[in-house]
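Source file: query39.pdb; contents: PDB, C-alpha atoms.
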ATOM      1  CA  MET Y   1     -73.733  69.121  87.974
ATOM      2  CA  SER Y   2     -71.883  70.472  84.964
ATOM      3  CA  TYR Y   3     -68.228  69.577  85.121
ATOM      4  CA  VAL Y   4     -65.147  69.600  82.967
ATOM      5  CA  CYS Y   5     -63.231  66.379  82.475
ATOM      6  CA  ILE Y   6     -59.537  66.934  81.994
ATOM      7  CA  VAL Y   7     -57.329  64.278  80.472
ATOM      8  CA  LEU Y   8     -53.576  64.503  80.131
ATOM      9  CA  SER Y   9     -52.925  65.253  76.474
ATOM     10  CA  LEU Y  10     -51.838  62.602  74.027
ATOM     11  CA  ILE Y  11     -49.417  65.120  72.579
ATOM     12  CA  SER Y  12     -46.051  66.227  73.961
ATOM     13  CA  ALA Y  13     -43.722  68.686  72.313
ATOM     14  CA  LEU Y  14     -42.237  65.700  70.496
ATOM     15  CA  ARG Y  15     -45.725  64.409  69.628
ATOM     16  CA  ALA Y  16     -45.115  61.101  71.400
ATOM     17  CA  VAL Y  17     -48.024  59.094  72.814
ATOM     18  CA  TYR Y  18     -48.334  58.757  76.566
ATOM     19  CA  PRO Y  19     -50.818  56.815  78.709
ATOM     20  CA  GLN Y  20     -53.976  58.757  79.562
ATOM     21  CA  ARG Y  21     -54.916  59.818  83.058
ATOM     22  CA  THR Y  22     -58.271  61.384  83.797
ATOM     23  CA  PHE Y  23     -58.965  64.183  86.258
ATOM     24  CA  ILE Y  24     -62.295  65.728  87.248
ATOM     25  CA  VAL Y  25     -62.670  69.461  87.896
ATOM     26  CA  ALA Y  26     -65.705  70.252  90.063
ATOM     27  CA  LYS Y  27     -66.455  73.369  92.084
ATOM     28  CA  ASP Y  28     -68.043  71.376  94.905
ATOM     29  CA  GLY Y  29     -64.817  69.534  95.663
ATOM     30  CA  SER Y  30     -66.039  66.147  94.468
ATOM     31  CA  GLY Y  31     -63.318  65.892  91.821
ATOM     32  CA  ASN Y  32     -59.534  66.045  91.753
ATOM     33  CA  PHE Y  33     -59.416  69.822  91.391
ATOM     34  CA  THR Y  34     -61.807  72.700  92.086
ATOM     35  CA  THR Y  35     -60.486  74.992  89.314
ATOM     36  CA  ILE Y  36     -59.115  74.414  85.854
ATOM     37  CA  SER Y  37     -56.008  76.494  86.510
ATOM     38  CA  GLN Y  38     -54.766  74.021  89.144
ATOM     39  CA  GLU Y  39     -53.814  71.560  86.346
ATOM     40  CA  LYS Y  40     -51.584  73.354  83.876
ATOM     41  CA  ILE Y  41     -49.643  70.956  81.647
ATOM     42  CA  ASN Y  42     -50.584  69.415  78.289
ATOM     43  CA  LEU Y  43     -54.311  69.355  78.834
ATOM     44  CA  TYR Y  44     -57.113  67.530  77.061
ATOM     45  CA  LEU Y  45     -60.188  69.506  78.074
ATOM     46  CA  VAL Y  46     -63.566  67.844  77.479
ATOM     47  CA  GLY Y  47     -66.821  69.579  78.328
ATOM     48  CA  ASP Y  48     -70.393  68.328  78.627
ATOM     49  CA  GLY Y  49     -71.309  70.299  75.474
ATOM     50  CA  ILE Y  50     -71.054  73.909  74.371
ATOM     51  CA  ASP Y  51     -74.485  74.682  75.830
ATOM     52  CA  LYS Y  52     -73.581  73.145  79.203
ATOM     53  CA  THR Y  53     -69.897  73.767  79.885
ATOM     54  CA  ARG Y  54     -69.074  77.463  79.836
ATOM     55  CA  ILE Y  55     -65.938  79.243  81.014
ATOM     56  CA  SER Y  56     -66.619  82.966  81.442
ATOM     57  CA  GLY Y  57     -64.744  86.151  82.264
ATOM     58  CA  ASN Y  58     -65.310  89.874  81.767
ATOM     59  CA  ARG Y  59     -61.952  91.638  81.705
ATOM     60  CA  SER Y  60     -61.533  94.353  79.085
ATOM     61  CA  ALA Y  61     -59.243  97.135  77.936
ATOM     62  CA  ASN Y  62     -61.715  99.637  79.376
ATOM     63  CA  MET Y  63     -60.993  98.175  82.810
ATOM     64  CA  GLY Y  64     -57.313  99.015  82.395
ATOM     65  CA  PHE Y  65     -56.026  95.617  81.252
ATOM     66  CA  LEU Y  66     -53.671  95.071  78.333
ATOM     67  CA  THR Y  67     -55.275  93.050  75.515
ATOM     68  CA  TYR Y  68     -53.273  89.929  76.440
ATOM     69  CA  ASP Y  69     -54.426  90.146  80.056
ATOM     70  CA  THR Y  70     -58.129  90.402  79.243
ATOM     71  CA  ALA Y  71     -58.297  86.715  78.252
ATOM     72  CA  THR Y  72     -60.796  84.518  80.060
ATOM     73  CA  VAL Y  73     -58.554  81.520  79.293
ATOM     74  CA  ARG Y  74     -54.897  81.576  78.333
ATOM     75  CA  VAL Y  75     -53.422  78.429  76.803
ATOM     76  CA  ALA Y  76     -49.694  78.587  77.490
ATOM     77  CA  THR Y  77     -48.620  75.019  76.750
ATOM     78  CA  ASP Y  78     -48.039  72.746  73.771
ATOM     79  CA  GLY Y  79     -50.428  69.950  72.874
ATOM     80  CA  PHE Y  80     -53.593  71.475  74.318
ATOM     81  CA  VAL Y  81     -56.887  69.961  73.089
ATOM     82  CA  ALA Y  82     -60.398  71.181  73.912
ATOM     83  CA  LYS Y  83     -63.747  69.663  72.938
ATOM     84  CA  GLU Y  84     -67.341  70.748  73.545
ATOM     85  CA  VAL Y  85     -66.583  73.844  75.628
ATOM     86  CA  THR Y  86     -67.782  77.456  75.375
ATOM     87  CA  PHE Y  87     -65.208  80.132  76.158
ATOM     88  CA  GLU Y  88     -66.584  83.631  76.548
ATOM     89  CA  ASN Y  89     -65.745  87.173  77.499
ATOM     90  CA  THR Y  90     -68.905  88.931  78.641
ATOM     91  CA  ALA Y  91     -67.460  92.464  78.895
ATOM     92  CA  GLY Y  92     -69.753  93.645  76.099
ATOM     93  CA  VAL Y  93     -69.685  95.551  72.859
ATOM     94  CA  ASN Y  94     -68.631  98.901  74.343
ATOM     95  CA  MET Y  95     -65.619  97.696  76.333
ATOM     96  CA  ASN Y  96     -63.026  97.524  73.510
ATOM     97  CA  GLN Y  97     -60.493  94.655  73.569
ATOM     98  CA  SER Y  98     -61.986  91.723  75.505
ATOM     99  CA  VAL Y  99     -60.400  88.343  74.737
ATOM    100  CA  ALA Y 100     -62.130  85.023  75.368
ATOM    101  CA  VAL Y 101     -59.094  82.799  74.665
ATOM    102  CA  THR Y 102     -55.405  83.507  74.094
ATOM    103  CA  ILE Y 103     -53.329  80.648  72.652
ATOM    104  CA  GLU Y 104     -49.542  80.608  72.618
ATOM    105  CA  GLY Y 105     -48.676  76.943  72.136
ATOM    106  CA  LEU Y 106     -47.701  74.494  69.423
ATOM    107  CA  TYR Y 107     -50.051  71.761  68.183
ATOM    108  CA  SER Y 108     -53.188  72.956  69.963
ATOM    109  CA  ALA Y 109     -56.596  71.845  68.677
ATOM    110  CA  PHE Y 110     -60.209  72.804  69.370
ATOM    111  CA  TYR Y 111     -63.198  70.688  68.346
ATOM    112  CA  ARG Y 112     -66.829  71.767  68.557
ATOM    113  CA  CYS Y 113     -65.973  74.672  70.820
ATOM    114  CA  ARG Y 114     -67.613  78.096  70.938
ATOM    115  CA  PHE Y 115     -65.801  81.400  71.368
ATOM    116  CA  LEU Y 116     -68.005  84.339  72.373
ATOM    117  CA  GLY Y 117     -66.976  87.972  72.520
ATOM    118  CA  TYR Y 118     -67.006  91.225  70.630
ATOM    119  CA  GLN Y 119     -63.678  92.929  69.922
ATOM    120  CA  ASP Y 120     -60.659  90.571  69.874
ATOM    121  CA  THR Y 121     -62.520  87.391  70.815
ATOM    122  CA  LEU Y 122     -59.911  84.800  69.794
ATOM    123  CA  TYR Y 123     -56.226  85.643  70.133
ATOM    124  CA  VAL Y 124     -54.128  83.117  68.207
ATOM    125  CA  TRP Y 125     -51.047  84.761  69.594
ATOM    126  CA  HIS Y 126     -48.319  82.451  68.366
ATOM    127  CA  GLY Y 127     -47.686  78.765  67.680
ATOM    128  CA  ILE Y 128     -49.635  76.302  65.531
ATOM    129  CA  GLN Y 129     -53.362  75.669  66.036
ATOM    130  CA  PHE Y 130     -56.204  73.719  64.428
ATOM    131  CA  PHE Y 131     -59.925  74.463  64.840
ATOM    132  CA  ARG Y 132     -62.627  72.083  63.640
ATOM    133  CA  GLU Y 133     -66.411  72.638  63.728
ATOM    134  CA  CYS Y 134     -66.098  75.574  66.094
ATOM    135  CA  ASP Y 135     -68.279  78.693  66.360
ATOM    136  CA  ILE Y 136     -66.552  82.059  66.709
ATOM    137  CA  TYR Y 137     -68.509  85.260  67.424
ATOM    138  CA  GLY Y 138     -67.236  88.829  67.461
ATOM    139  CA  THR Y 139     -67.024  92.272  65.902
ATOM    140  CA  VAL Y 140     -63.655  94.034  65.486
ATOM    141  CA  ASP Y 141     -60.552  91.922  64.661
ATOM    142  CA  PHE Y 142     -62.173  89.030  66.449
ATOM    143  CA  ILE Y 143     -59.753  86.371  65.154
ATOM    144  CA  PHE Y 144     -56.289  87.888  65.460
ATOM    145  CA  GLY Y 145     -52.637  87.155  66.199
ATOM    146  CA  LYS Y 146     -49.507  85.831  64.537
ATOM    147  CA  SER Y 147     -49.997  82.046  64.825
ATOM    148  CA  ARG Y 148     -50.244  79.543  62.025
ATOM    149  CA  ALA Y 149     -53.941  78.833  62.559
ATOM    150  CA  LEU Y 150     -56.196  76.689  60.364
ATOM    151  CA  PHE Y 151     -59.980  76.695  60.725
ATOM    152  CA  GLN Y 152     -61.891  73.806  59.092
ATOM    153  CA  ASN Y 153     -65.680  73.515  58.905
ATOM    154  CA  CYS Y 154     -66.122  76.357  61.390
ATOM    155  CA  ASN Y 155     -68.910  78.925  61.683
ATOM    156  CA  VAL Y 156     -67.724  82.517  61.952
ATOM    157  CA  TYR Y 157     -70.413  84.974  63.044
ATOM    158  CA  ALA Y 158     -70.091  88.752  62.908
ATOM    159  CA  ARG Y 159     -72.118  90.504  65.613
ATOM    160  CA  ARG Y 160     -73.468  94.047  65.729
ATOM    161  CA  PRO Y 161     -70.557  96.311  66.712
ATOM    162  CA  ARG Y 162     -70.554  99.557  68.610
ATOM    163  CA  GLN Y 163     -72.200 102.516  66.862
ATOM    164  CA  GLY Y 164     -69.979 103.752  64.040
ATOM    165  CA  GLN Y 165     -67.716 100.677  63.922
ATOM    166  CA  SER Y 166     -67.135  98.236  61.089
ATOM    167  CA  ASN Y 167     -66.628  94.503  61.547
ATOM    168  CA  THR Y 168     -63.252  93.011  60.648
ATOM    169  CA  ILE Y 169     -63.211  89.256  61.022
ATOM    170  CA  THR Y 170     -59.441  88.748  61.053
ATOM    171  CA  ALA Y 171     -56.346  90.771  61.899
ATOM    172  CA  GLN Y 172     -53.342  88.570  61.238
ATOM    173  CA  GLY Y 173     -49.979  89.614  62.666
ATOM    174  CA  ARG Y 174     -47.182  88.197  60.531
ATOM    175  CA  GLU Y 175     -44.313  90.640  61.086
ATOM    176  CA  SER Y 176     -41.584  89.672  58.626
ATOM    177  CA  GLU Y 177     -40.925  87.734  55.469
ATOM    178  CA  ASN Y 178     -38.850  85.201  57.410
ATOM    179  CA  PHE Y 179     -41.581  84.478  59.958
ATOM    180  CA  PHE Y 180     -44.044  81.933  58.562
ATOM    181  CA  SER Y 181     -47.578  82.354  59.879
ATOM    182  CA  GLY Y 182     -51.135  83.088  58.804
ATOM    183  CA  ILE Y 183     -54.837  82.537  59.336
ATOM    184  CA  VAL Y 184     -56.535  80.078  56.962
ATOM    185  CA  MET Y 185     -60.246  79.263  56.778
ATOM    186  CA  GLN Y 186     -61.247  76.183  54.797
ATOM    187  CA  ASN Y 187     -64.844  75.090  54.204
ATOM    188  CA  CYS Y 188     -66.089  77.552  56.797
ATOM    189  CA  THR Y 189     -69.266  79.616  56.906
ATOM    190  CA  ILE Y 190     -68.938  83.363  57.434
ATOM    191  CA  ALA Y 191     -72.303  84.891  58.265
ATOM    192  CA  ALA Y 192     -74.161  87.381  60.437
ATOM    193  CA  ALA Y 193     -75.026  86.625  64.042
ATOM    194  CA  PRO Y 194     -78.704  87.053  65.004
ATOM    195  CA  ASP Y 195     -78.177  90.594  66.320
ATOM    196  CA  LEU Y 196     -76.776  91.675  62.942
ATOM    197  CA  LEU Y 197     -79.369  89.915  60.800
ATOM    198  CA  PRO Y 198     -82.271  92.414  60.868
ATOM    199  CA  ARG Y 199     -80.230  95.096  59.074
ATOM    200  CA  PHE Y 200     -77.090  94.754  57.014
ATOM    201  CA  ASN Y 201     -76.089  98.404  57.429
ATOM    202  CA  VAL Y 202     -72.768  97.531  59.082
ATOM    203  CA  ARG Y 203     -69.750  97.144  56.835
ATOM    204  CA  SER Y 204     -68.117  93.772  57.452
ATOM    205  CA  TYR Y 205     -64.740  92.792  56.029
ATOM    206  CA  LEU Y 206     -62.789  89.543  55.865
ATOM    207  CA  GLY Y 207     -59.820  91.163  57.549
ATOM    208  CA  ARG Y 208     -57.304  93.945  57.902
ATOM    209  CA  PRO Y 209     -53.507  93.754  58.320
ATOM    210  CA  LEU Y 210     -52.139  93.896  61.842
ATOM    211  CA  HIS Y 211     -48.564  93.973  60.500
ATOM    212  CA  ASN Y 212     -46.670  94.427  57.237
ATOM    213  CA  TYR Y 213     -46.724  90.764  56.172
ATOM    214  CA  SER Y 214     -50.201  89.829  57.376
ATOM    215  CA  THR Y 215     -51.352  86.607  55.708
ATOM    216  CA  THR Y 216     -54.952  85.408  55.523
ATOM    217  CA  VAL Y 217     -56.539  82.906  53.128
ATOM    218  CA  ILE Y 218     -60.254  82.144  52.823
ATOM    219  CA  MET Y 219     -60.910  79.077  50.686
ATOM    220  CA  GLN Y 220     -63.748  76.725  49.794
ATOM    221  CA  SER Y 221     -65.990  78.643  52.206
ATOM    222  CA  PHE Y 222     -69.475  80.141  52.190
ATOM    223  CA  LEU Y 223     -69.506  83.942  52.464
ATOM    224  CA  ASP Y 224     -72.914  85.430  53.194
ATOM    225  CA  LYS Y 225     -74.147  88.833  52.035
ATOM    226  CA  LEU Y 226     -72.732  90.706  55.032
ATOM    227  CA  ILE Y 227     -69.257  90.822  53.403
ATOM    228  CA  ASP Y 228     -68.533  94.209  51.842
ATOM    229  CA  PRO Y 229     -67.748  93.930  48.103
ATOM    230  CA  ARG Y 230     -64.226  95.306  48.771
ATOM    231  CA  GLY Y 231     -63.583  92.234  50.910
ATOM    232  CA  TRP Y 232     -60.613  93.562  52.851
ATOM    233  CA  LEU Y 233     -59.798  96.756  54.743
ATOM    234  CA  GLU Y 234     -56.673  98.862  55.220
ATOM    235  CA  TRP Y 235     -55.584  99.608  58.782
ATOM    236  CA  VAL Y 236     -55.636 103.376  59.000
ATOM    237  CA  GLY Y 237     -53.056 104.868  61.344
ATOM    238  CA  GLN Y 238     -51.158 101.628  62.013
ATOM    239  CA  GLY Y 239     -48.034 102.926  60.311
ATOM    240  CA  HIS Y 240     -47.767 100.399  57.495
ATOM    241  CA  GLY Y 241     -49.265  99.858  54.096
ATOM    242  CA  VAL Y 242     -50.621  96.891  52.203
ATOM    243  CA  GLU Y 243     -47.804  96.345  49.715
ATOM    244  CA  LYS Y 244     -46.453  93.196  51.381
ATOM    245  CA  VAL Y 245     -49.575  91.635  52.874
ATOM    246  CA  TYR Y 246     -50.989  88.404  51.416
ATOM    247  CA  TYR Y 247     -54.772  88.236  51.415
ATOM    248  CA  ALA Y 248     -56.239  85.581  49.162
ATOM    249  CA  GLU Y 249     -59.479  83.802  48.276
ATOM    250  CA  TYR Y 250     -60.015  80.481  46.534
ATOM    251  CA  ASP Y 251     -63.164  78.724  45.352
ATOM    252  CA  ASN Y 252     -65.553  80.404  47.761
ATOM    253  CA  ARG Y 253     -69.310  80.531  47.323
ATOM    254  CA  GLY Y 254     -72.275  82.551  48.484
ATOM    255  CA  PRO Y 255     -73.499  86.134  47.945
ATOM    256  CA  GLY Y 256     -70.397  87.614  49.589
ATOM    257  CA  ALA Y 257     -67.900  85.596  47.541
ATOM    258  CA  ASN Y 258     -67.946  87.650  44.338
ATOM    259  CA  THR Y 259     -64.400  89.019  43.921
ATOM    260  CA  ASN Y 260     -65.063  91.485  41.075
ATOM    261  CA  SER Y 261     -64.941  94.511  43.386
ATOM    262  CA  ARG Y 262     -62.231  93.339  45.751
ATOM    263  CA  VAL Y 263     -59.382  95.683  46.717
ATOM    264  CA  LYS Y 264     -56.522  95.638  44.218
ATOM    265  CA  TRP Y 265     -54.023  94.309  46.760
ATOM    266  CA  ALA Y 266     -55.962  91.100  47.459
ATOM    267  CA  HIS Y 267     -55.525  87.913  45.420
ATOM    268  CA  THR Y 268     -57.877  85.437  43.806
ATOM    269  CA  ILE Y 269     -55.761  82.298  43.641
ATOM    270  CA  LYS Y 270     -55.939  78.953  41.875
ATOM    271  CA  TYR Y 271     -55.590  75.353  43.033
ATOM    272  CA  ARG Y 272     -51.810  75.147  43.026
ATOM    273  CA  GLU Y 273     -51.420  78.221  45.217
ATOM    274  CA  ALA Y 274     -54.314  77.291  47.503
ATOM    275  CA  ASN Y 275     -52.752  73.878  48.089
ATOM    276  CA  LYS Y 276     -49.993  75.570  50.095
ATOM    277  CA  PHE Y 277     -52.550  76.379  52.792
ATOM    278  CA  THR Y 278     -54.037  72.951  53.474
ATOM    279  CA  ALA Y 279     -53.660  71.082  56.753
ATOM    280  CA  ARG Y 280     -50.933  68.981  55.153
ATOM    281  CA  ASN Y 281     -48.803  71.827  53.882
ATOM    282  CA  PHE Y 282     -49.630  74.732  56.183
ATOM    283  CA  ILE Y 283     -49.586  73.108  59.640
ATOM    284  CA  GLN Y 284     -48.130  69.640  58.848
ATOM    285  CA  GLY Y 285     -51.356  68.142  60.127
ATOM    286  CA  GLN Y 286     -50.470  64.582  59.100
ATOM    287  CA  LYS Y 287     -47.845  64.560  61.859
ATOM    288  CA  TRP Y 288     -50.051  65.454  64.819
ATOM    289  CA  ILE Y 289     -53.787  66.092  64.283
ATOM    290  CA  GLY Y 290     -54.590  62.367  64.227
ATOM    291  CA  LEU Y 291     -53.329  62.056  67.803
ATOM    292  CA  THR Y 292     -56.055  64.443  68.972
ATOM    293  CA  LYS Y 293     -58.852  62.112  67.746
ATOM    294  CA  ILE Y 294     -60.426  65.111  66.012
ATOM    295  CA  PRO Y 295     -61.753  64.627  62.441
ATOM    296  CA  TYR Y 296     -59.871  66.500  59.750
ATOM    297  CA  TYR Y 297     -58.879  66.400  56.120
ATOM    298  CA  LEU Y 298     -55.403  67.123  54.875
ATOM    299  CA  ASP Y 299     -56.006  68.493  51.395
ATOM    300  CA  LEU Y 300     -58.357  70.600  49.297
TER     301      LEU Y 300
END

Represent the structure contained in this file as structure tokens.
Amino acid sequence: MSYVCIVLSLISALRAVYPQRTFIVAKDGSGNFTTISQEKINLYLVGDGIDKTRISGNRSANMGFLTYDTATVRVATDGFVAKEVTFENTAGVNMNQSVAVTIEGLYSAFYRCRFLGYQDTLYVWHGIQFFRECDIYGTVDFIFGKSRALFQNCNVYARRPRQGQSNTITAQGRESENFFSGIVMQNCTIAAAPDLLPRFNVRSYLGRPLHNYSTTVIMQSFLDKLIDPRGWLEWVGQGHGVEKVYYAEYDNRGPGANTNSRVKWAHTIKYREANKFTARNFIQGQKWIGLTKIPYYLDL
């Protein structure tokens, strides 16, 4: 029997340490709960492995749901931790927005998890999140939202989109100069999923701006040949330009990492600037990630 073991989180909003209690979720009634949603506060979610523990849904925009409401799982609490779980939205490539996970909490962390979808797979809606050694699959804007989200040692896989579409890996939603947020990828691998590998005739970009102050940094990562030489894409018809966005790359490698043909409004930064986006400085990781028992590094 595949089951999910749920442990009360070590993290509260004040990041204090509390005694652990363990609960078992099992459909057959042999555990404490029969569904995950029956236990809603400060969760530590541990699966049997990403190939064994899978949480699935299939809601999509084409079914009449708002993007937020398509999520298979919505994390609406602080201090959520998940390990060794696959979250997926199986709606398919032709169903438009179909979210696997929406996260709206502070100090949430995911370790060795898999996120499967096509358009809008992972919605880092707001808060502060850390992802380590996770796999994220999608097509259009498949990591998006206005959180402060840091991805370390993750694999990001672009899939084959619907006919005529381009892939955009990120769509960050920072709305104002006074609101501090962004998506940062450090020591990640950005590559093609198996269904995109046979032909690289789909344009794939590192991101496009969801709002005026969109902020995304890719650093110390491997970019495979799927990345278009322009790197980044404007959002046509969204009603804003690119004058105030902050899209930057630092010390990347691989056939897609050459910045010579990047759009003029993107930045190639140096060590001092990149240091602002480490776990230490971007999400104050020294104050809380250690409590999750997830490996991490604080600096470049």

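Coordinates place atom CA of Met185 of chain Y at a distance of 12.1 Å from atom CA of Gln129 of chain Y.
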
Taking into account all atoms listed in the file, which residue in the set Y:Ala171, Y:Leu226, Y:Ala274, Y:Val46 is nearest to Ser147 of chain Y?
-> Y:Ala171

For atom CA of Gly47 of chain Y and atom CA of Lys83 of chain Y, determine how far apart the two atoms are, in Å to one decimal place.
-> 6.2 Å

Near Asp299 of chain Y, counting all atoms listed in the file, which residues have an atom at most 7 Å away, once you skip same-chain residues fewer than 6 positions from it, shown as a ChimeraX atom specification?
-> /Y:278-280

Next, write the just-selected residues to a file, as a PDB file, in the frame of the given file, keeping C-alpha atoms as the atom set.
ATOM      1  CA  THR Y 278     -54.037  72.951  53.474  1.00  0.00           C
ATOM      2  CA  ALA Y 279     -53.660  71.082  56.753  1.00  0.00           C
ATOM      3  CA  ARG Y 280     -50.933  68.981  55.153  1.00  0.00           C
TER       4      ARG Y 280
END

What's the 6 Å shell around segment 87-102 of chain Y, counting all atoms listed in the file, without same-chain residues fewer than 6 positions away, as a VMD selection string?
-> chain Y and resid 54 to 58 60 to 62 67 70 to 74 115 to 123 162

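Between atom CA of Lys287 of chain Y and atom CA of Phe151 of chain Y there is a distance of 17.2 Å.
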
Filled-in N, CA, C and O atoms of segment 278-291 of chain Y, supplied as a compact mmCIF listing (two decimals), in the frame of the given file:
# COMPACT_ATOMS: atom_id res chain seq x y z
N THR Y 278 -53.28 74.08 52.93
CA THR Y 278 -54.04 72.95 53.47
C THR Y 278 -53.44 72.50 54.80
O THR Y 278 -52.33 72.89 55.18
N ALA Y 279 -54.17 71.63 55.49
CA ALA Y 279 -53.66 71.08 56.75
C ALA Y 279 -52.34 70.37 56.55
O ALA Y 279 -51.45 70.40 57.41
N ARG Y 280 -52.19 69.71 55.42
CA ARG Y 280 -50.93 68.98 55.15
C ARG Y 280 -49.76 69.94 55.02
O ARG Y 280 -48.69 69.74 55.62
N ASN Y 281 -49.94 70.97 54.24
CA ASN Y 281 -48.80 71.83 53.88
C ASN Y 281 -48.64 73.04 54.79
O ASN Y 281 -47.52 73.55 54.94
N PHE Y 282 -49.70 73.51 55.39
CA PHE Y 282 -49.63 74.73 56.18
C PHE Y 282 -49.28 74.48 57.64
O PHE Y 282 -48.51 75.21 58.25
N ILE Y 283 -49.86 73.40 58.22
CA ILE Y 283 -49.59 73.11 59.64
C ILE Y 283 -49.07 71.69 59.86
O ILE Y 283 -49.04 71.21 60.99
N GLN Y 284 -48.66 71.00 58.76
CA GLN Y 284 -48.13 69.64 58.85
C GLN Y 284 -49.05 68.73 59.67
O GLN Y 284 -48.63 67.99 60.56
N GLY Y 285 -50.33 68.83 59.35
CA GLY Y 285 -51.36 68.14 60.13
C GLY Y 285 -51.23 66.64 60.16
O GLY Y 285 -51.67 65.99 61.12
N GLN Y 286 -50.62 66.04 59.13
CA GLN Y 286 -50.47 64.58 59.10
C GLN Y 286 -49.57 64.09 60.22
O GLN Y 286 -49.59 62.91 60.58
N LYS Y 287 -48.79 64.96 60.82
CA LYS Y 287 -47.84 64.56 61.86
C LYS Y 287 -48.44 64.59 63.26
O LYS Y 287 -47.87 64.00 64.17
N TRP Y 288 -49.60 65.29 63.43
CA TRP Y 288 -50.05 65.45 64.82
C TRP Y 288 -51.56 65.50 65.02
O TRP Y 288 -52.04 65.13 66.09
N ILE Y 289 -52.35 65.93 64.02
CA ILE Y 289 -53.79 66.09 64.28
C ILE Y 289 -54.44 64.76 64.60
O ILE Y 289 -55.34 64.67 65.44
N GLY Y 290 -54.01 63.67 63.96
CA GLY Y 290 -54.59 62.37 64.23
C GLY Y 290 -54.51 61.96 65.68
O GLY Y 290 -55.39 61.25 66.20
N LEU Y 291 -53.48 62.39 66.39
CA LEU Y 291 -53.33 62.06 67.80
C LEU Y 291 -54.40 62.69 68.67
O LEU Y 291 -54.68 62.23 69.78
